[in-house]
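Visitor: So that you have it, the file is protein.cif, and it contains mmCIF, C-alpha atoms:
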```cif
data_coords
loop_
_atom_site.group_PDB
_atom_site.id
_atom_site.type_symbol
_atom_site.label_atom_id
_atom_site.label_comp_id
_atom_site.auth_asym_id
_atom_site.auth_seq_id
_atom_site.Cartn_x
_atom_site.Cartn_y
_atom_site.Cartn_z
ATOM 1 C CA MET G 1 135.554 58.507 107.427
ATOM 2 C CA THR G 2 136.656 57.304 110.811
ATOM 3 C CA GLY G 3 133.817 59.196 112.442
ATOM 4 C CA PRO G 4 131.678 62.316 112.156
ATOM 5 C CA GLY G 5 133.292 65.573 111.192
ATOM 6 C CA PRO G 6 134.164 68.279 113.708
ATOM 7 C CA THR G 7 131.345 70.029 115.557
ATOM 8 C CA GLY G 8 131.082 73.000 117.878
ATOM 9 C CA VAL G 9 133.854 75.438 118.760
ATOM 10 C CA GLY G 10 137.471 74.264 118.715
ATOM 11 C CA ILE G 11 140.976 75.651 118.889
ATOM 12 C CA GLY G 12 144.221 75.090 117.043
ATOM 13 C CA TRP G 13 146.373 72.801 119.175
ATOM 14 C CA ARG G 14 149.919 74.036 119.734
ATOM 15 C CA PRO G 15 152.436 72.668 122.278
ATOM 16 C CA GLU G 16 152.732 76.115 123.850
ATOM 17 C CA ILE G 17 149.045 76.136 124.878
ATOM 18 C CA ALA G 18 148.586 72.394 125.408
ATOM 19 C CA GLY G 19 147.879 72.877 129.118
ATOM 20 C CA PHE G 20 145.229 75.504 128.444
ATOM 21 C CA VAL G 21 143.550 73.371 125.783
ATOM 22 C CA ALA G 22 143.549 70.304 128.038
ATOM 23 C CA GLU G 23 141.506 72.196 130.639
ATOM 24 C CA LEU G 24 138.678 73.305 128.328
ATOM 25 C CA PRO G 25 135.754 71.247 129.687
ATOM 26 C CA GLY G 26 133.461 71.413 126.654
ATOM 27 C CA LEU G 27 136.097 71.012 123.946
ATOM 28 C CA ARG G 28 135.035 68.647 121.149
ATOM 29 C CA PHE G 29 137.648 69.241 118.451
ATOM 30 C CA VAL G 30 141.083 70.653 117.748
ATOM 31 C CA GLU G 31 143.211 71.125 114.665
ATOM 32 C CA VAL G 32 146.908 70.284 114.520
ATOM 33 C CA VAL G 33 149.499 71.293 111.926
ATOM 34 C CA ALA G 34 150.118 67.981 110.172
ATOM 35 C CA GLU G 35 153.787 68.654 109.489
ATOM 36 C CA ALA G 36 154.361 69.125 113.236
ATOM 37 C CA VAL G 37 153.252 65.565 114.049
ATOM 38 C CA ALA G 38 155.917 62.866 113.866
ATOM 39 C CA PRO G 39 155.063 59.711 111.887
ATOM 40 C CA HIS G 40 155.513 57.508 114.971
ATOM 41 C CA GLY G 41 152.705 59.145 116.943
ATOM 42 C CA PRO G 42 151.117 62.340 118.254
ATOM 43 C CA PRO G 43 152.731 64.275 121.125
ATOM 44 C CA PRO G 44 151.522 63.337 124.617
ATOM 45 C CA GLY G 45 149.204 66.307 125.095
ATOM 46 C CA LEU G 46 147.424 65.628 121.845
ATOM 47 C CA ALA G 47 147.254 61.898 122.560
ATOM 48 C CA THR G 48 145.476 62.658 125.843
ATOM 49 C CA LEU G 49 142.820 64.675 124.012
ATOM 50 C CA ILE G 50 142.281 61.814 121.558
ATOM 51 C CA GLU G 51 141.781 59.439 124.497
ATOM 52 C CA ARG G 52 139.139 61.858 125.799
ATOM 53 C CA GLY G 53 137.256 61.558 122.508
ATOM 54 C CA VAL G 54 138.227 64.982 121.167
ATOM 55 C CA THR G 55 138.189 65.041 117.350
ATOM 56 C CA VAL G 56 141.545 65.992 115.812
ATOM 57 C CA VAL G 57 141.804 67.422 112.290
ATOM 58 C CA PRO G 58 145.284 67.476 110.677
ATOM 59 C CA HIS G 59 145.874 70.730 108.806
ATOM 60 C CA GLY G 60 148.547 70.640 106.105
ATOM 61 C CA VAL G 61 150.625 73.681 105.194
ATOM 62 C CA LYS G 62 153.225 72.338 102.740
ATOM 63 C CA LEU G 63 151.503 70.239 100.069
ATOM 64 C CA SER G 64 151.536 73.181 97.630
ATOM 65 C CA LEU G 65 148.300 72.077 95.991
ATOM 66 C CA GLY G 66 148.382 75.116 93.715
ATOM 67 C CA GLY G 67 151.857 74.466 92.380
ATOM 68 C CA ALA G 68 152.492 73.736 88.720
ATOM 69 C CA GLU G 69 154.460 70.642 89.742
ATOM 70 C CA PRO G 70 152.738 67.470 90.990
ATOM 71 C CA VAL G 71 152.353 67.187 94.741
ATOM 72 C CA ASP G 72 155.151 65.351 96.509
ATOM 73 C CA PRO G 73 153.911 61.800 97.257
ATOM 74 C CA ALA G 74 155.979 61.701 100.454
ATOM 75 C CA ARG G 75 154.216 64.777 101.807
ATOM 76 C CA VAL G 76 150.819 63.298 100.961
ATOM 77 C CA ALA G 77 151.869 60.037 102.625
ATOM 78 C CA HIS G 78 152.800 61.924 105.785
ATOM 79 C CA LEU G 79 149.422 63.699 105.856
ATOM 80 C CA ALA G 80 147.711 60.335 105.388
ATOM 81 C CA ARG G 81 149.789 58.820 108.201
ATOM 82 C CA VAL G 82 148.909 61.632 110.591
ATOM 83 C CA ALA G 83 145.215 61.240 109.758
ATOM 84 C CA GLU G 84 145.429 57.561 110.692
ATOM 85 C CA LEU G 85 147.415 58.244 113.888
ATOM 86 C CA VAL G 86 144.862 60.695 115.266
ATOM 87 C CA GLY G 87 141.758 58.948 113.911
ATOM 88 C CA ALA G 88 140.813 62.047 111.906
ATOM 89 C CA PRO G 89 137.470 62.292 110.095
ATOM 90 C CA LEU G 90 139.061 64.560 107.468
ATOM 91 C CA VAL G 91 142.183 66.558 106.678
ATOM 92 C CA SER G 92 142.589 70.069 105.312
ATOM 93 C CA GLU G 93 145.045 72.018 103.169
ATOM 94 C CA HIS G 94 145.327 75.360 101.379
ATOM 95 C CA ILE G 95 144.548 76.474 97.863
ATOM 96 C CA ALA G 96 147.993 78.029 97.471
ATOM 97 C CA PHE G 97 151.531 77.248 96.428
ATOM 98 C CA VAL G 98 154.625 77.244 98.619
ATOM 99 C CA ARG G 99 157.362 76.060 96.262
ATOM 100 C CA ALA G 100 158.412 76.216 92.624
ATOM 101 C CA GLY G 101 161.490 75.026 90.791
ATOM 102 C CA GLY G 102 162.841 73.470 93.976
ATOM 103 C CA LEU G 103 162.668 76.745 95.914
ATOM 104 C CA GLU G 104 160.653 77.012 99.146
ATOM 105 C CA ALA G 105 158.809 80.285 99.672
ATOM 106 C CA GLY G 106 158.184 79.763 103.365
ATOM 107 C CA HIS G 107 154.750 81.345 102.913
ATOM 108 C CA LEU G 108 151.372 80.457 101.455
ATOM 109 C CA LEU G 109 151.273 82.285 98.118
ATOM 110 C CA PRO G 110 148.100 83.169 96.198
ATOM 111 C CA LEU G 111 147.276 81.748 92.790
ATOM 112 C CA PRO G 112 146.162 83.647 89.732
ATOM 113 C CA ARG G 113 142.452 82.924 89.423
ATOM 114 C CA SER G 114 142.798 81.485 85.931
ATOM 115 C CA ARG G 115 141.511 78.366 84.176
ATOM 116 C CA GLU G 116 145.098 77.108 84.104
ATOM 117 C CA ALA G 117 145.385 77.489 87.874
ATOM 118 C CA VAL G 118 142.056 75.705 88.392
ATOM 119 C CA ALA G 119 143.367 72.793 86.328
ATOM 120 C CA ALA G 120 146.621 72.650 88.321
ATOM 121 C CA VAL G 121 144.808 72.668 91.678
ATOM 122 C CA VAL G 122 142.275 70.068 90.554
ATOM 123 C CA ALA G 123 145.028 67.747 89.309
ATOM 124 C CA ASN G 124 146.969 68.006 92.571
ATOM 125 C CA VAL G 125 143.895 67.646 94.766
ATOM 126 C CA ARG G 126 142.929 64.480 92.903
ATOM 127 C CA ARG G 127 146.466 63.113 93.323
ATOM 128 C CA ALA G 128 146.284 63.791 97.038
ATOM 129 C CA GLN G 129 142.767 62.383 97.412
ATOM 130 C CA ALA G 130 143.871 59.128 95.803
ATOM 131 C CA ASP G 131 146.317 58.508 98.678
ATOM 132 C CA LEU G 132 144.402 59.980 101.603
ATOM 133 C CA PRO G 133 142.290 57.693 103.841
ATOM 134 C CA VAL G 134 139.772 60.472 104.619
ATOM 135 C CA PRO G 135 138.120 63.395 102.787
ATOM 136 C CA LEU G 136 139.988 66.625 102.082
ATOM 137 C CA ALA G 137 138.783 70.152 102.883
ATOM 138 C CA LEU G 138 140.310 73.069 100.961
ATOM 139 C CA GLU G 139 141.050 76.488 102.456
ATOM 140 C CA PRO G 140 141.354 79.704 100.419
ATOM 141 C CA ILE G 141 144.097 81.929 101.796
ATOM 142 C CA ALA G 142 144.358 85.610 102.705
ATOM 143 C CA ALA G 143 146.184 87.613 100.049
ATOM 144 C CA LEU G 144 147.625 91.115 99.930
ATOM 145 C CA PHE G 145 147.459 91.232 96.128
ATOM 146 C CA ASP G 146 145.719 89.740 93.104
ATOM 147 C CA TRP G 147 147.529 88.564 89.994
ATOM 148 C CA PRO G 148 146.928 90.789 86.947
ATOM 149 C CA ASP G 149 145.659 87.973 84.698
ATOM 150 C CA ASP G 150 142.730 86.785 86.833
ATOM 151 C CA GLU G 151 139.971 85.276 84.685
ATOM 152 C CA LEU G 152 137.585 84.307 87.494
ATOM 153 C CA ASP G 153 136.357 86.001 90.619
ATOM 154 C CA GLU G 154 137.028 84.282 93.941
ATOM 155 C CA ALA G 155 133.614 82.626 94.269
ATOM 156 C CA ASP G 156 133.717 81.089 90.781
ATOM 157 C CA PHE G 157 137.345 80.035 91.235
ATOM 158 C CA LEU G 158 136.577 78.193 94.473
ATOM 159 C CA THR G 159 133.332 76.676 93.259
ATOM 160 C CA GLU G 160 134.940 75.281 90.103
ATOM 161 C CA ILE G 161 137.664 73.593 92.189
ATOM 162 C CA LEU G 162 135.159 72.154 94.680
ATOM 163 C CA ASP G 163 132.846 70.914 91.903
ATOM 164 C CA ALA G 164 135.692 69.229 90.030
ATOM 165 C CA THR G 165 137.198 67.504 93.074
ATOM 166 C CA GLY G 166 134.267 66.826 95.387
ATOM 167 C CA ALA G 167 136.306 68.374 98.213
ATOM 168 C CA THR G 168 134.655 70.322 100.997
ATOM 169 C CA LEU G 169 135.436 73.908 101.955
ATOM 170 C CA LEU G 170 137.422 75.097 104.955
ATOM 171 C CA LEU G 171 136.194 78.676 105.094
ATOM 172 C CA ASP G 172 138.344 81.176 106.968
ATOM 173 C CA VAL G 173 136.163 84.170 107.876
ATOM 174 C CA ALA G 174 139.279 86.141 108.838
ATOM 175 C CA ASN G 175 140.594 85.580 105.308
ATOM 176 C CA VAL G 176 137.247 86.679 103.860
ATOM 177 C CA HIS G 177 137.479 89.848 105.938
ATOM 178 C CA ALA G 178 141.133 90.436 105.044
ATOM 179 C CA ASN G 179 140.672 89.951 101.312
ATOM 180 C CA ALA G 180 137.576 92.158 101.191
ATOM 181 C CA ARG G 181 139.276 94.860 103.255
ATOM 182 C CA ASN G 182 142.405 94.822 101.073
ATOM 183 C CA ARG G 183 140.457 94.770 97.802
ATOM 184 C CA GLY G 184 137.885 97.339 98.852
ATOM 185 C CA ALA G 185 135.172 94.707 98.351
ATOM 186 C CA ASP G 186 132.107 93.585 100.303
ATOM 187 C CA PRO G 187 132.743 90.369 102.278
ATOM 188 C CA LEU G 188 129.027 89.573 102.310
ATOM 189 C CA ALA G 189 128.979 89.512 98.516
ATOM 190 C CA LEU G 190 131.434 86.594 98.622
ATOM 191 C CA LEU G 191 129.475 84.740 101.322
ATOM 192 C CA ASP G 192 126.323 85.071 99.239
ATOM 193 C CA ARG G 193 127.967 83.289 96.307
ATOM 194 C CA LEU G 194 129.886 80.507 98.044
ATOM 195 C CA PRO G 195 128.466 76.964 98.434
ATOM 196 C CA LEU G 196 128.079 77.346 102.199
ATOM 197 C CA ASP G 197 126.386 73.951 102.484
ATOM 198 C CA ARG G 198 129.767 72.428 101.619
ATOM 199 C CA VAL G 199 131.680 74.061 104.479
ATOM 200 C CA ALA G 200 133.325 71.377 106.628
ATOM 201 C CA TYR G 201 134.423 73.846 109.297
ATOM 202 C CA VAL G 202 135.470 77.471 109.713
ATOM 203 C CA HIS G 203 138.686 79.172 110.784
ATOM 204 C CA VAL G 204 138.576 82.308 112.925
ATOM 205 C CA ALA G 205 141.726 84.337 113.552
ATOM 206 C CA GLY G 206 142.973 87.767 114.505
ATOM 207 C CA GLY G 207 144.833 90.318 112.462
ATOM 208 C CA ALA G 208 146.031 93.903 112.405
ATOM 209 C CA GLU G 209 146.041 96.967 110.172
ATOM 210 C CA GLN G 210 149.479 97.982 108.995
ATOM 211 C CA GLY G 211 150.661 100.105 106.087
ATOM 212 C CA GLY G 212 147.173 100.465 104.684
ATOM 213 C CA PHE G 213 146.568 96.711 104.581
ATOM 214 C CA TYR G 214 144.875 94.261 106.914
ATOM 215 C CA HIS G 215 147.323 91.479 107.785
ATOM 216 C CA ASP G 216 145.988 88.060 108.827
ATOM 217 C CA THR G 217 148.555 87.619 111.585
ATOM 218 C CA HIS G 218 147.116 84.837 113.785
ATOM 219 C CA THR G 219 148.906 86.630 116.663
ATOM 220 C CA ASP G 220 146.365 89.377 117.385
ATOM 221 C CA PRO G 221 142.882 89.293 118.913
ATOM 222 C CA VAL G 222 139.910 88.459 116.698
ATOM 223 C CA PRO G 223 138.495 91.862 115.678
ATOM 224 C CA PRO G 224 134.800 92.744 116.027
ATOM 225 C CA ALA G 225 134.388 92.813 112.234
ATOM 226 C CA VAL G 226 135.341 89.126 112.019
ATOM 227 C CA LEU G 227 132.933 88.224 114.831
ATOM 228 C CA ASP G 228 130.209 90.132 112.968
ATOM 229 C CA LEU G 229 131.061 88.140 109.854
ATOM 230 C CA ILE G 230 130.516 84.899 111.805
ATOM 231 C CA GLY G 231 127.003 86.082 112.582
ATOM 232 C CA GLU G 232 126.359 86.904 108.921
ATOM 233 C CA LEU G 233 127.701 83.508 107.868
ATOM 234 C CA CYS G 234 125.537 81.644 110.378
ATOM 235 C CA ALA G 235 122.464 83.612 109.336
ATOM 236 C CA ARG G 236 122.982 82.219 105.825
ATOM 237 C CA HIS G 237 124.091 78.681 106.706
ATOM 238 C CA ARG G 238 125.516 77.775 110.100
ATOM 239 C CA PRO G 239 128.676 75.677 109.738
ATOM 240 C CA PRO G 240 129.000 72.556 111.900
ATOM 241 C CA ALA G 241 132.206 73.763 113.542
ATOM 242 C CA LEU G 242 134.378 76.849 114.040
ATOM 243 C CA LEU G 243 137.999 76.919 115.175
ATOM 244 C CA LEU G 244 140.099 79.654 116.766
ATOM 245 C CA GLU G 245 143.562 79.866 115.192
ATOM 246 C CA ARG G 246 146.315 81.443 117.260
ATOM 247 C CA ASP G 247 149.942 80.867 116.312
ATOM 248 C CA GLY G 248 151.888 83.082 118.682
ATOM 249 C CA ARG G 249 151.876 85.951 121.181
ATOM 250 C CA TRP G 250 149.372 84.001 123.232
ATOM 251 C CA PRO G 251 147.432 86.158 125.683
ATOM 252 C CA PRO G 252 146.626 85.136 129.271
ATOM 253 C CA ALA G 253 144.161 82.264 129.633
ATOM 254 C CA PRO G 254 141.165 84.521 130.481
ATOM 255 C CA ALA G 255 141.619 86.422 127.192
ATOM 256 C CA LEU G 256 141.792 83.189 125.185
ATOM 257 C CA ARG G 257 138.688 81.893 126.936
ATOM 258 C CA ALA G 258 136.927 85.164 126.139
ATOM 259 C CA GLU G 259 137.758 84.772 122.432
ATOM 260 C CA LEU G 260 136.377 81.220 122.426
ATOM 261 C CA ASP G 261 133.240 82.462 124.219
ATOM 262 C CA ALA G 262 132.814 85.250 121.664
ATOM 263 C CA ILE G 263 133.014 82.748 118.788
ATOM 264 C CA ALA G 264 130.447 80.525 120.504
ATOM 265 C CA ALA G 265 128.123 83.472 121.090
ATOM 266 C CA ALA G 266 128.442 84.718 117.500
ATOM 267 C CA SER G 267 127.767 81.258 116.029
ATOM 268 C CA GLY G 268 125.193 79.946 118.466
ATOM 269 C CA HIS G 269 127.313 76.916 119.334
ATOM 270 C CA PRO G 270 127.745 75.863 122.990
ATOM 271 C CA ALA G 271 130.575 77.433 124.965
ATOM 272 C CA VAL G 272 133.591 75.164 125.521
ATOM 273 C CA THR G 273 135.104 77.080 128.427
#
```
Represent the supplied structure as structure tokens.
Guide:
Amino acid sequence: MTGPGPTGVGIGWRPEIAGFVAELPGLRFVEVVAEAVAPHGPPPGLATLIERGVTVVPHGVKLSLGGAEPVDPARVAHLARVAELVGAPLVSEHIAFVRAGGLEAGHLLPLPRSREAVAAVVANVRRAQADLPVPLALEPIAALFDWPDDELDEADFLTEILDATGATLLLDVANVHANARNRGADPLALLDRLPLDRVAYVHVAGGAEQGGFYHDTHTDPVPPAVLDLIGELCARHRPPALLLERDGRWPPAPALRAELDAIAAASGHPAVT
């Protein structure tokens, strides 16, 4: 590692809100989409945060760690390069696939929770780890459906992957809420069975009900149920860091500050506003 992992409450850095993020006095970490960072250096706004000592975590979205094909070495090399450019203590990616047979889905797609899928993820994670200069955290995604041939429940599926790779967990409480809501399951039952001591940091995001499903939109406010889930998580094992993800339809600055304050209050971490 180049330094300690992220701590406290952070926010996903996007160019559209760079000015807002730069003015958060207590900010200690941000996350940046790795594919949005050029290999010659971070954008000026992000570089300024790094100079301030703010921890930056690159978050990959296109490795396709769950694909049946081996990960693309060039994509792994780019993620490694970004980690070095920003002095990251770790990087993160999704347990999902985004391409198959040369076709790009344009979305993070869920895997069947099968032994075969576990083996595919483990093989790709190990390939990536071999070329990354820092540890890798893995994020389960939100899904609107389950494959019909699932052999494992979500907790066992995740734990087997983490045990086999030594990776840490990027836990998205909004995804936990979404998946439980869409499956008619209890989100606390999943929290009680996950290795919470291996959580590197936590994502928090908003969503909306539509067509009988809860959609993890990242463009809506964080709902009270997700904030409640943060409290339940922290009562079991408080994660070192939590991050607000917002990818569009940004509200006025006071509303964004209020969301960050709500995450801090729910987790017991210091406010960054």
Visitor: Output the residue selection produced by the PyMOL selection byres ((chain G and resi 247) around 7) on the file above, formatted as a list in words.
Guide: His218, Thr219, Glu245, Arg246 and Gly248 of chain G
Visitor: What residues have an atom no more than 12 Å from (149.8, 86.5, 111.1) in the file's own frame, counting all atoms listed in the file, and can you write them as a list of chain:residue names?
Guide: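 Final list of nearby residues, as requested, is G:His107, G:Leu108, G:Ile141, G:Ala142, G:Ala143, G:Ala174, G:Asn175, G:Ala178, G:Ala205, G:Gly206, G:Gly207, G:Ala208, G:Glu209, G:Gln210, G:Tyr214, G:His215, G:Asp216, G:Thr217, G:His218, G:Thr219, G:Asp220, G:Pro221, G:Val222, G:Glu245, G:Arg246, G:Asp247, G:Gly248, G:Arg249.
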Visitor: For a quick check of understanding, using only C-alpha atoms, which of G:Ala271, G:Val37, G:Ile263, G:Ala164 has the smallest distance to Glu84 (chain G)?
Guide: G:Val37
Visitor: Report the residues retrieved by the PyMOL selection byres ((chain G and resi 188) around 10) from the displayed file, expressed as a ChimeraX atom specification.
Guide: /G:176-177,180,185-187,189-193,229,232-233
Visitor: Work out how far CA of Val134 (chain G) is from CA of Leu27 (chain G), in Å to one decimal.
Guide: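 So the answer is 22.3 Å.
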Visitor: Between G:Val82, G:Leu63, G:Ala128, G:Val76, single out the one closest to Val98 (chain G), counting only C-alpha atoms.
Guide: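 The shortest atom-to-atom distance to Val98 (chain G) comes from G:Leu63.
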Visitor: Provide the CA of Gly10 (chain G) to CA of Ala241 (chain G) distance in Å, to one decimal place.
Guide: 7.4 Å
Visitor: Within 10 Å of (137.8, 60.9, 105.1) (coordinates as in the file), grab all the protein and nucleic acid residues, counting all atoms listed in the file, and write them out as a list in words.
Guide: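 Using all atoms listed in the file, the matching residues come out as Met1, Thr2, Gly3, Pro4, Gly5, Ala80, Ala83, Gly87, Ala88, Pro89, Leu90, Val91, Gln129, Leu132, Pro133, Val134, Pro135, Leu136 and Ala137 of chain G.
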Visitor: Applying 9 Å and all atoms listed in the file, which residues near Pro239 (chain G) remain after dropping the ones on its own chain fewer than 5 positions away? List them as a list in words.
Guide: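 These residues fall inside the cut-off: Thr7, Gly8, Leu196, Asp197, Arg198, Val199, Ala200, Tyr201, Val202, Leu233, Cys234 and Ser267 of chain G.
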Visitor: Skip Arg52 (chain G) itself and residues of its chain fewer than 3 positions away, then list as a PyMOL selection string all residues within 12 Å of it, counting only C-alpha atoms.
Guide: chain G and resi 22-29+45-49+55-56
Visitor: Given 4 Å of margin on each side, can you work out the centre and size in Å (one decimal) of an axis-aligned box holding every listed atom of region 237-250 of chain G, as lines of an AutoDock Vina configuration file?
Guide:
```
center_x = 138.0
center_y = 79.3
center_z = 115.0
size_x = 35.8
size_y = 21.4
size_z = 24.5
```
Visitor: Using all atoms listed in the file, pick whichever of G:Asp149, G:His94, G:His237, G:Arg81 has the shortest atom-to-atom distance to Ser114 (chain G).
Guide: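 Comparing G:Asp149, G:His94, G:His237, G:Arg81 against Ser114 (chain G), the winner is G:Asp149.
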Visitor: For Arg14 (chain G), which residue among G:Leu194, G:Ala255, G:Leu79, G:Leu244 is the nearest when counting all atoms listed in the file?
Guide: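 Among the listed residues, G:Leu244 lies closest to Arg14 (chain G).
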Visitor: Starting from the incomplete input, reconstruct N, CA, C and O atoms of region 206-217 of chain G and write that as a PDB file, in the frame of the given file.
Guide:
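Resulting contents of result_19.pdb:
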```
ATOM      1  N   GLY G 206     142.782  86.335 114.347  1.00  0.00           N
ATOM      2  CA  GLY G 206     142.973  87.767 114.505  1.00  0.00           C
ATOM      3  C   GLY G 206     143.931  88.331 113.480  1.00  0.00           C
ATOM      4  O   GLY G 206     144.641  87.597 112.783  1.00  0.00           O
ATOM      5  N   GLY G 207     143.949  89.640 113.395  1.00  0.00           N
ATOM      6  CA  GLY G 207     144.833  90.318 112.462  1.00  0.00           C
ATOM      7  C   GLY G 207     145.032  91.757 112.885  1.00  0.00           C
ATOM      8  O   GLY G 207     144.558  92.180 113.947  1.00  0.00           O
ATOM      9  N   ALA G 208     145.732  92.516 112.053  1.00  0.00           N
ATOM     10  CA  ALA G 208     146.031  93.903 112.405  1.00  0.00           C
ATOM     11  C   ALA G 208     146.195  94.734 111.145  1.00  0.00           C
ATOM     12  O   ALA G 208     146.654  94.249 110.104  1.00  0.00           O
ATOM     13  N   GLU G 209     145.828  96.006 111.249  1.00  0.00           N
ATOM     14  CA  GLU G 209     146.041  96.967 110.172  1.00  0.00           C
ATOM     15  C   GLU G 209     147.484  97.463 110.224  1.00  0.00           C
ATOM     16  O   GLU G 209     148.001  97.799 111.293  1.00  0.00           O
ATOM     17  N   GLN G 210     148.118  97.466 109.056  1.00  0.00           N
ATOM     18  CA  GLN G 210     149.479  97.982 108.995  1.00  0.00           C
ATOM     19  C   GLN G 210     149.786  98.408 107.573  1.00  0.00           C
ATOM     20  O   GLN G 210     149.555  97.638 106.624  1.00  0.00           O
ATOM     21  N   GLY G 211     150.280  99.617 107.404  1.00  0.00           N
ATOM     22  CA  GLY G 211     150.661 100.105 106.087  1.00  0.00           C
ATOM     23  C   GLY G 211     149.527 100.158 105.086  1.00  0.00           C
ATOM     24  O   GLY G 211     149.766  99.997 103.885  1.00  0.00           O
ATOM     25  N   GLY G 212     148.313 100.378 105.586  1.00  0.00           N
ATOM     26  CA  GLY G 212     147.173 100.465 104.684  1.00  0.00           C
ATOM     27  C   GLY G 212     146.575  99.137 104.304  1.00  0.00           C
ATOM     28  O   GLY G 212     145.654  99.083 103.480  1.00  0.00           O
ATOM     29  N   PHE G 213     147.091  98.052 104.865  1.00  0.00           N
ATOM     30  CA  PHE G 213     146.568  96.711 104.581  1.00  0.00           C
ATOM     31  C   PHE G 213     146.167  96.033 105.884  1.00  0.00           C
ATOM     32  O   PHE G 213     146.714  96.332 106.950  1.00  0.00           O
ATOM     33  N   TYR G 214     145.228  95.103 105.774  1.00  0.00           N
ATOM     34  CA  TYR G 214     144.875  94.261 106.914  1.00  0.00           C
ATOM     35  C   TYR G 214     145.678  92.968 106.790  1.00  0.00           C
ATOM     36  O   TYR G 214     145.573  92.255 105.784  1.00  0.00           O
ATOM     37  N   HIS G 215     146.479  92.670 107.801  1.00  0.00           N
ATOM     38  CA  HIS G 215     147.323  91.479 107.785  1.00  0.00           C
ATOM     39  C   HIS G 215     146.710  90.396 108.675  1.00  0.00           C
ATOM     40  O   HIS G 215     146.408  90.635 109.845  1.00  0.00           O
ATOM     41  N   ASP G 216     146.552  89.208 108.110  1.00  0.00           N
ATOM     42  CA  ASP G 216     145.988  88.060 108.827  1.00  0.00           C
ATOM     43  C   ASP G 216     147.110  87.425 109.641  1.00  0.00           C
ATOM     44  O   ASP G 216     147.752  86.471 109.211  1.00  0.00           O
ATOM     45  N   THR G 217     147.336  87.954 110.856  1.00  0.00           N
ATOM     46  CA  THR G 217     148.555  87.619 111.585  1.00  0.00           C
ATOM     47  C   THR G 217     148.476  86.326 112.398  1.00  0.00           C
ATOM     48  O   THR G 217     149.492  85.689 112.643  1.00  0.00           O
TER      49      THR G 217
END
```
